[in-house]
Amino acid sequence: MVELKNPLYETMALSTQTLHADHHLRETSEVSPSIGVTTNFVYGKDGVESNNYGAGQRYAYSREGRPNTTQVESVLSTAMEGHAVVFGSGLTSALAILLHYRPKKVAISQCYFGIRGVLAQYGAIAGAVQVVGAECPLDGVDLVWLESPVNPTGEIKDISCFAVRAHAAGAVLVVDATLSPPPLSFPFRQGADVIIHSASKYLGGHADLLAGVVVTRAPAVAADMRRTRAALGLGAGSLETWLLQRSLATLDVRVRQQAQTARRLVALLESFRRCSVTSTCHTPTPAELALGRRLASVRHGSLQLPAPWMAAQHPNGACGAVFAVSFASKAQALFVARQLRLHTFATSLGGVHSLVDWRHAVDPQAEPTLLRVSIGLEAFDDLAADWRQALTALDAHECAVAAKL
């Protein structure tokens, strides 16, 4: 099979890589690759094992591979500095990792609740799996699963620290970097062994595809995962892989703007909260009280205490476009979610539309007072005005309720 990565593009900028890294695989004169919907391919003229799609490429049945999949894996491999394999969803990607490494003891940090469901299904197949916290001693641990930034707060973890601990224990470090794709982070540089993304989020970026990506350091591991994908039918469809490649072309500009807007909005909301607090040197005005006194907390990586590892892990100065806002009650959180006009009240994240999600609806362990916010491509000033009107409306509502008591 032809080499997925073209060395010509490995030192180029991300925006160039996502546009050109697969060009050595294309066999038509199309500027934009077309969607290949066929499920089977004509055998090569020199025999069933010979190449039948340009130099070095052979396809027989789409469950095993297709040109669209090969092309998008080429782009992802180059952009993520490894060897990428595309799956039908983020959760099937997680299952493929577990099936490859076959861990008996897994250390896992705070993470998306669906991962624990996959662990349970894997345990039903492979036998009991012991699960411990990633901050616990790693004696006997086979695999460490780290999510950074963390869903739903957007707070970040020190990948290099976990890599040292995992490798000292003889364990593999898997980093779920869904909330911080390139250009925001490159976890292999901090010592990760495997990177996983739900490609439905930022990599897809338009809320119109379902896919997952596993990126490994070793070509042999990627090859084994492709065999697993074919055997279990875990691949993404033709349309999904085509949509994913379309989206990757704008990944750099999308994610940079989303992260920058999120950072500014987090700072604004935190300023609302702080300015509503009475202190020896500050008495809030009525307007400041209306905007901030219902905010219990704002959480995001940009609000964490600065540490040297942060700049190395997030070289472009941004750690993601997802953050969390908490209120005093569930009722207040739901009021704001419904009052916001430019933040669609829906689940998921990473798309071009800003979203606000009440996570407790799908994850009972999530705080019922918490809203997860995913920033899209709307202008900062418009999103800021949206929060101002929603928080002001909440304060007026709470005051009216209190007046009736």
# chains A, B, ... in the order shown; residues from 1 in each chain; ligands from 1
$ residues_around --residues "Trp242 in chain A" --least-positions-apart "6" --cutoff "12 Å" --atoms "only C-alpha atoms" --output "PyMOL selection string"
chain A and resi 32-37+66-73+86+204+208-211+236+248-249
$ write_last_selection --atoms "C-alpha atoms" --output "mmCIF file, in the first residue's frame"
data_model
loop_
_atom_site.group_PDB
_atom_site.id
_atom_site.type_symbol
_atom_site.label_atom_id
_atom_site.label_comp_id
_atom_site.auth_asym_id
_atom_site.auth_seq_id
_atom_site.Cartn_x
_atom_site.Cartn_y
_atom_site.Cartn_z
ATOM 1 C CA SER A 32 -11.878 19.004 -4.518
ATOM 2 C CA PRO A 33 -11.988 15.208 -4.092
ATOM 3 C CA SER A 34 -15.314 13.626 -4.965
ATOM 4 C CA ILE A 35 -17.343 11.233 -2.824
ATOM 5 C CA GLY A 36 -16.742 7.608 -3.752
ATOM 6 C CA VAL A 37 -19.893 5.671 -2.863
ATOM 7 C CA ARG A 66 -11.617 3.237 0.095
ATOM 8 C CA PRO A 67 -9.884 6.243 -1.500
ATOM 9 C CA ASN A 68 -11.769 8.812 0.606
ATOM 10 C CA THR A 69 -10.638 7.098 3.814
ATOM 11 C CA THR A 70 -7.036 6.829 2.649
ATOM 12 C CA GLN A 71 -6.951 10.516 1.708
ATOM 13 C CA VAL A 72 -8.376 11.816 4.983
ATOM 14 C CA GLU A 73 -6.071 9.533 6.985
ATOM 15 C CA VAL A 86 -10.533 6.776 11.047
ATOM 16 C CA GLY A 204 -15.664 17.774 11.562
ATOM 17 C CA ASP A 208 -22.949 17.050 10.175
ATOM 18 C CA LEU A 209 -20.814 13.926 10.545
ATOM 19 C CA LEU A 210 -20.128 11.113 12.999
ATOM 20 C CA ALA A 211 -16.562 9.778 13.112
ATOM 21 C CA ALA A 236 -16.874 5.567 8.795
ATOM 22 C CA LEU A 248 -10.088 19.697 7.825
ATOM 23 C CA ALA A 249 -9.302 22.256 5.127
#
$ select_by_dssp --residues "range 87-331 of chain A" --states "helix (DSSP H, G or I)" --output "PyMOL selection string"
chain A and resi 90-101+113-126+159-168+187-190+219-232+238-248+251-275+286-292+301-303+308-313+330-331
$ residues_around --residues "Phe272 in chain A" --least-positions-apart "3" --cutoff "6 Å" --atoms "only C-alpha atoms" --output "count of residues only"
4
$ residues_around --residues "range 49-53 of chain A" --least-positions-apart "5" --cutoff "12 Å" --atoms "only C-alpha atoms" --output "MDAnalysis selection string"
chainID A and resid 1:2 25:28 40:44 58:60 65:67 70
$ write_last_selection --atoms "all heavy atoms" --output "compact mmCIF listing (two decimals), in the first residue's frame"
# COMPACT_ATOMS: atom_id res chain seq x y z
N MET A 1 0.86 -1.20 0.00
CA MET A 1 0.00 0.00 0.00
C MET A 1 0.89 1.23 0.00
O MET A 1 1.95 1.26 0.62
CB MET A 1 -0.90 -0.01 1.25
CG MET A 1 -2.01 1.03 1.24
SD MET A 1 -3.26 0.67 -0.01
CE MET A 1 -4.45 1.96 0.32
N VAL A 2 0.47 2.27 -0.68
CA VAL A 2 1.22 3.50 -0.77
C VAL A 2 1.40 4.14 0.61
O VAL A 2 0.56 3.99 1.50
CB VAL A 2 0.51 4.47 -1.73
CG1 VAL A 2 -0.80 4.97 -1.13
CG2 VAL A 2 1.40 5.66 -2.09
N LEU A 25 -1.89 11.08 -3.30
CA LEU A 25 -2.79 9.92 -3.37
C LEU A 25 -3.90 10.10 -4.40
O LEU A 25 -4.60 9.15 -4.73
CB LEU A 25 -3.43 9.68 -2.00
CG LEU A 25 -2.46 9.40 -0.84
CD1 LEU A 25 -3.22 9.36 0.47
CD2 LEU A 25 -1.72 8.10 -1.07
N ARG A 26 -4.08 11.31 -4.88
CA ARG A 26 -5.20 11.58 -5.77
C ARG A 26 -4.89 11.11 -7.18
O ARG A 26 -3.77 11.27 -7.67
CB ARG A 26 -5.53 13.07 -5.76
CG ARG A 26 -5.97 13.57 -4.38
CD ARG A 26 -6.54 14.96 -4.47
NE ARG A 26 -6.81 15.53 -3.14
CZ ARG A 26 -7.33 16.73 -2.94
NH1 ARG A 26 -7.63 17.49 -3.98
NH2 ARG A 26 -7.54 17.17 -1.71
N GLU A 27 -5.92 10.55 -7.84
CA GLU A 27 -5.75 9.98 -9.17
C GLU A 27 -6.64 10.65 -10.21
O GLU A 27 -6.81 10.14 -11.30
CB GLU A 27 -6.05 8.48 -9.13
CG GLU A 27 -5.04 7.68 -8.31
CD GLU A 27 -3.63 7.77 -8.86
OE1 GLU A 27 -3.48 7.84 -10.10
OE2 GLU A 27 -2.68 7.78 -8.06
N THR A 28 -7.21 11.80 -9.86
CA THR A 28 -8.06 12.53 -10.81
C THR A 28 -7.58 13.97 -10.88
O THR A 28 -6.72 14.40 -10.10
CB THR A 28 -9.54 12.51 -10.38
OG1 THR A 28 -9.71 13.36 -9.23
CG2 THR A 28 -9.99 11.10 -10.04
N ASN A 40 -17.62 -1.85 -3.79
CA ASN A 40 -16.62 -2.81 -4.29
C ASN A 40 -15.87 -2.23 -5.49
O ASN A 40 -16.33 -1.27 -6.12
CB ASN A 40 -17.26 -4.14 -4.64
CG ASN A 40 -18.46 -4.00 -5.56
OD1 ASN A 40 -18.94 -2.89 -5.79
ND2 ASN A 40 -18.94 -5.11 -6.09
N PHE A 41 -14.73 -2.81 -5.79
CA PHE A 41 -13.83 -2.28 -6.80
C PHE A 41 -13.40 -3.39 -7.76
O PHE A 41 -13.25 -4.56 -7.36
CB PHE A 41 -12.58 -1.67 -6.13
CG PHE A 41 -12.87 -0.52 -5.22
CD1 PHE A 41 -13.31 -0.74 -3.91
CD2 PHE A 41 -12.71 0.79 -5.64
CE1 PHE A 41 -13.59 0.32 -3.06
CE2 PHE A 41 -12.98 1.85 -4.79
CZ PHE A 41 -13.43 1.62 -3.49
N VAL A 42 -13.18 -3.03 -9.02
CA VAL A 42 -12.71 -3.98 -10.03
C VAL A 42 -11.28 -4.38 -9.70
O VAL A 42 -10.44 -3.53 -9.38
CB VAL A 42 -12.76 -3.35 -11.44
CG1 VAL A 42 -12.19 -4.31 -12.49
CG2 VAL A 42 -14.20 -2.97 -11.78
N TYR A 43 -11.00 -5.69 -9.75
CA TYR A 43 -9.65 -6.16 -9.46
C TYR A 43 -8.66 -5.60 -10.48
O TYR A 43 -9.00 -5.31 -11.64
CB TYR A 43 -9.59 -7.69 -9.49
CG TYR A 43 -10.34 -8.36 -8.37
CD1 TYR A 43 -11.30 -9.34 -8.62
CD2 TYR A 43 -10.07 -8.03 -7.03
CE1 TYR A 43 -11.98 -9.96 -7.59
CE2 TYR A 43 -10.74 -8.64 -5.99
CZ TYR A 43 -11.70 -9.61 -6.27
OH TYR A 43 -12.36 -10.23 -5.25
N GLY A 44 -7.40 -5.51 -10.07
CA GLY A 44 -6.35 -5.03 -10.96
C GLY A 44 -6.13 -5.97 -12.14
O GLY A 44 -6.36 -7.19 -12.04
N ARG A 58 -4.57 -0.25 -3.63
CA ARG A 58 -5.40 -1.38 -4.00
C ARG A 58 -6.64 -1.38 -3.12
O ARG A 58 -6.55 -1.27 -1.90
CB ARG A 58 -4.66 -2.71 -3.82
CG ARG A 58 -5.55 -3.93 -4.03
CD ARG A 58 -4.86 -5.22 -3.62
NE ARG A 58 -5.80 -6.34 -3.65
CZ ARG A 58 -6.60 -6.67 -2.64
NH1 ARG A 58 -6.59 -5.97 -1.51
NH2 ARG A 58 -7.44 -7.70 -2.75
N TYR A 59 -7.81 -1.50 -3.75
CA TYR A 59 -9.07 -1.56 -3.01
C TYR A 59 -9.91 -2.70 -3.56
O TYR A 59 -9.93 -2.95 -4.77
CB TYR A 59 -9.84 -0.24 -3.14
CG TYR A 59 -9.06 0.95 -2.64
CD1 TYR A 59 -8.37 1.78 -3.53
CD2 TYR A 59 -8.97 1.24 -1.28
CE1 TYR A 59 -7.64 2.87 -3.08
CE2 TYR A 59 -8.24 2.32 -0.81
CZ TYR A 59 -7.57 3.13 -1.72
OH TYR A 59 -6.83 4.18 -1.25
N ALA A 60 -10.60 -3.41 -2.67
CA ALA A 60 -11.46 -4.51 -3.08
C ALA A 60 -12.88 -4.32 -2.56
O ALA A 60 -13.86 -4.43 -3.30
CB ALA A 60 -10.90 -5.84 -2.61
N GLY A 65 -11.35 -0.63 3.03
CA GLY A 65 -10.69 0.61 2.66
C GLY A 65 -11.29 1.21 1.41
O GLY A 65 -11.88 0.50 0.59
N ARG A 66 -11.13 2.52 1.27
CA ARG A 66 -11.62 3.24 0.10
C ARG A 66 -10.76 4.49 -0.08
O ARG A 66 -10.13 4.97 0.88
CB ARG A 66 -13.09 3.60 0.24
CG ARG A 66 -13.40 4.50 1.41
CD ARG A 66 -14.81 5.06 1.35
NE ARG A 66 -15.82 4.04 1.58
CZ ARG A 66 -16.26 3.68 2.78
NH1 ARG A 66 -15.76 4.25 3.87
NH2 ARG A 66 -17.20 2.77 2.91
N PRO A 67 -10.73 5.06 -1.27
CA PRO A 67 -9.88 6.24 -1.50
C PRO A 67 -10.18 7.40 -0.56
O PRO A 67 -9.25 8.06 -0.08
CB PRO A 67 -10.18 6.61 -2.96
CG PRO A 67 -10.54 5.30 -3.59
CD PRO A 67 -11.30 4.54 -2.55
N THR A 70 -8.48 6.72 2.76
CA THR A 70 -7.04 6.83 2.65
C THR A 70 -6.60 8.29 2.60
O THR A 70 -5.63 8.70 3.26
CB THR A 70 -6.54 6.11 1.38
OG1 THR A 70 -6.96 4.74 1.44
CG2 THR A 70 -5.03 6.17 1.27
$ residues_around --residues "Gly191 in chain A" --least-positions-apart "4" --cutoff "8 Å" --atoms "only C-alpha atoms" --output "count of residues only"
6
$ residues_around --residues "range 293-300 of chain A" --least-positions-apart "6" --cutoff "7 Å" --atoms "only C-alpha atoms" --output "count of residues only"
12
